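Accompanying notes for the structure given below.
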Amino acid sequence: MDFRKYVRSFGYAFEGILTAWKEQNFRSHLLSAVIVLIAGFFTGLSRVEWFIVLLLIALMFALEMVNTAIERVVDLASTELHPLAKQAKDIAAGAVLVFAVFSAIIGLLIFIPKWF
(Lines give C-alpha, C1' and ligand atoms only; values in the text may rest on other atoms or scores of the structure.)
Protein backbone atom coordinates (compact mmCIF):
# COMPACT_ATOMS: atom_id res chain seq x y z
CA MET A 1 0.00 0.00 0.00
CA ASP A 2 1.24 3.47 -0.91
CA PHE A 3 1.11 5.43 2.34
CA ARG A 4 1.07 8.84 0.62
CA LYS A 5 -1.93 7.87 -1.49
CA TYR A 6 -3.63 6.58 1.64
CA VAL A 7 -3.08 9.86 3.49
CA ARG A 8 -4.17 11.91 0.46
CA SER A 9 -7.43 9.95 0.35
CA PHE A 10 -8.33 11.42 3.74
CA GLY A 11 -7.71 14.89 2.32
CA TYR A 12 -10.11 14.16 -0.54
CA ALA A 13 -12.69 12.90 1.94
CA PHE A 14 -12.38 16.09 4.01
CA GLU A 15 -12.74 18.15 0.82
CA GLY A 16 -15.97 16.25 0.18
CA ILE A 17 -17.23 17.03 3.67
CA LEU A 18 -16.38 20.73 3.23
CA THR A 19 -18.15 20.73 -0.13
CA ALA A 20 -21.22 19.11 1.44
CA TRP A 21 -21.14 21.72 4.23
CA LYS A 22 -21.89 24.36 1.58
CA GLU A 23 -25.20 22.66 0.79
CA GLN A 24 -28.24 24.12 2.54
CA ASN A 25 -29.78 20.71 3.28
CA PHE A 26 -26.58 19.49 4.92
CA ARG A 27 -26.49 22.54 7.17
CA SER A 28 -30.15 22.07 8.10
CA HIS A 29 -29.37 18.48 9.11
CA LEU A 30 -26.45 19.79 11.14
CA LEU A 31 -28.73 22.23 12.97
CA SER A 32 -31.18 19.40 13.69
CA ALA A 33 -28.33 17.22 14.95
CA VAL A 34 -27.14 19.94 17.33
CA ILE A 35 -30.67 20.36 18.70
CA VAL A 36 -31.00 16.59 19.20
CA LEU A 37 -27.60 16.38 20.89
CA ILE A 38 -28.48 19.19 23.28
CA ALA A 39 -31.86 17.59 24.01
CA GLY A 40 -30.12 14.25 24.59
CA PHE A 41 -27.68 15.82 27.01
CA PHE A 42 -30.45 17.38 29.09
CA THR A 43 -32.70 14.32 28.83
CA GLY A 44 -30.10 11.91 30.17
CA LEU A 45 -30.02 9.27 27.48
CA SER A 46 -28.66 5.82 28.23
CA ARG A 47 -25.54 4.54 26.51
CA VAL A 48 -27.62 2.48 24.06
CA GLU A 49 -29.89 5.45 23.32
CA TRP A 50 -26.83 7.62 22.62
CA PHE A 51 -25.51 4.93 20.30
CA ILE A 52 -28.78 4.91 18.37
CA VAL A 53 -29.01 8.71 18.20
CA LEU A 54 -25.40 9.12 17.07
CA LEU A 55 -25.77 6.35 14.49
CA LEU A 56 -28.88 7.98 13.04
CA ILE A 57 -27.15 11.36 12.88
CA ALA A 58 -24.08 9.91 11.15
CA LEU A 59 -26.19 7.97 8.66
CA MET A 60 -28.27 11.08 7.92
CA PHE A 61 -25.13 13.05 7.09
CA ALA A 62 -23.76 10.22 4.97
CA LEU A 63 -27.02 9.78 3.07
CA GLU A 64 -27.30 13.52 2.44
CA MET A 65 -23.76 13.48 1.04
CA VAL A 66 -24.59 10.52 -1.23
CA ASN A 67 -27.68 12.38 -2.41
CA THR A 68 -25.57 15.45 -3.20
CA ALA A 69 -23.04 13.30 -5.06
CA ILE A 70 -25.81 11.72 -7.14
CA GLU A 71 -27.22 15.15 -7.97
CA ARG A 72 -23.78 16.39 -9.06
CA VAL A 73 -23.12 13.34 -11.24
CA VAL A 74 -26.55 13.62 -12.86
CA ASP A 75 -25.96 17.34 -13.53
CA LEU A 76 -22.59 16.50 -15.06
CA ALA A 77 -23.99 13.71 -17.23
CA SER A 78 -26.99 15.62 -18.51
CA THR A 79 -26.98 19.37 -19.01
CA GLU A 80 -30.48 19.20 -20.49
CA LEU A 81 -33.64 18.49 -18.55
CA HIS A 82 -34.27 14.77 -18.95
CA PRO A 83 -36.98 12.68 -17.29
CA LEU A 84 -34.49 10.03 -16.16
CA ALA A 85 -32.17 12.64 -14.69
CA LYS A 86 -35.10 14.11 -12.77
CA GLN A 87 -36.14 10.66 -11.56
CA ALA A 88 -32.61 9.86 -10.35
CA LYS A 89 -32.41 13.11 -8.40
CA ASP A 90 -35.94 12.74 -7.03
CA ILE A 91 -35.33 9.15 -5.93
CA ALA A 92 -32.11 10.13 -4.14
CA ALA A 93 -33.88 13.03 -2.41
CA GLY A 94 -36.74 10.67 -1.53
CA ALA A 95 -34.29 8.29 0.13
CA VAL A 96 -33.08 11.13 2.34
CA LEU A 97 -36.65 12.06 3.21
CA VAL A 98 -37.59 8.47 4.10
CA PHE A 99 -34.56 8.17 6.36
CA ALA A 100 -35.22 11.55 7.97
CA VAL A 101 -38.85 10.65 8.74
CA PHE A 102 -37.94 7.29 10.25
CA SER A 103 -35.07 8.87 12.20
CA ALA A 104 -37.53 11.37 13.65
CA ILE A 105 -39.91 8.55 14.59
CA ILE A 106 -37.10 6.65 16.30
CA GLY A 107 -36.05 9.85 18.06
CA LEU A 108 -39.57 10.40 19.34
CA LEU A 109 -39.72 6.80 20.56
CA ILE A 110 -36.52 7.45 22.53
CA PHE A 111 -37.31 10.94 23.86
CA ILE A 112 -41.06 11.00 24.54
CA PRO A 113 -41.09 8.31 27.27
CA LYS A 114 -38.34 10.23 29.09
CA TRP A 115 -40.23 13.52 28.92
CA PHE A 116 -43.64 12.27 30.09
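In the C-alpha coordinates, chains take letters A, B, ... by order of appearance, with residues numbered from 1 within each chain and ligands from 1 in the order shown.
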
- Which residues, written as a PyMOL selection string, have at least one atom at most 12 Å from segment 87-95 of chain A, with only C-alpha atoms counted and residues fewer than 5 positions away on the same chain left out? chain A and resi 25+59-60+62-75+77-78+81-82+100-102

- Query: Within 12 Å of Trp115 of chain A, counting only C-alpha atoms, which residues qualify if same-chain residues fewer than 2 places away don't, as a ChimeraX atom specification?
  - Reply: /A:39-40,42-45,108-113

- If you measure from atom CA of Ile38 of chain A to atom CA of Val96 of chain A, what distance in Å do you get, rounded to one decimal? 22.9 Å
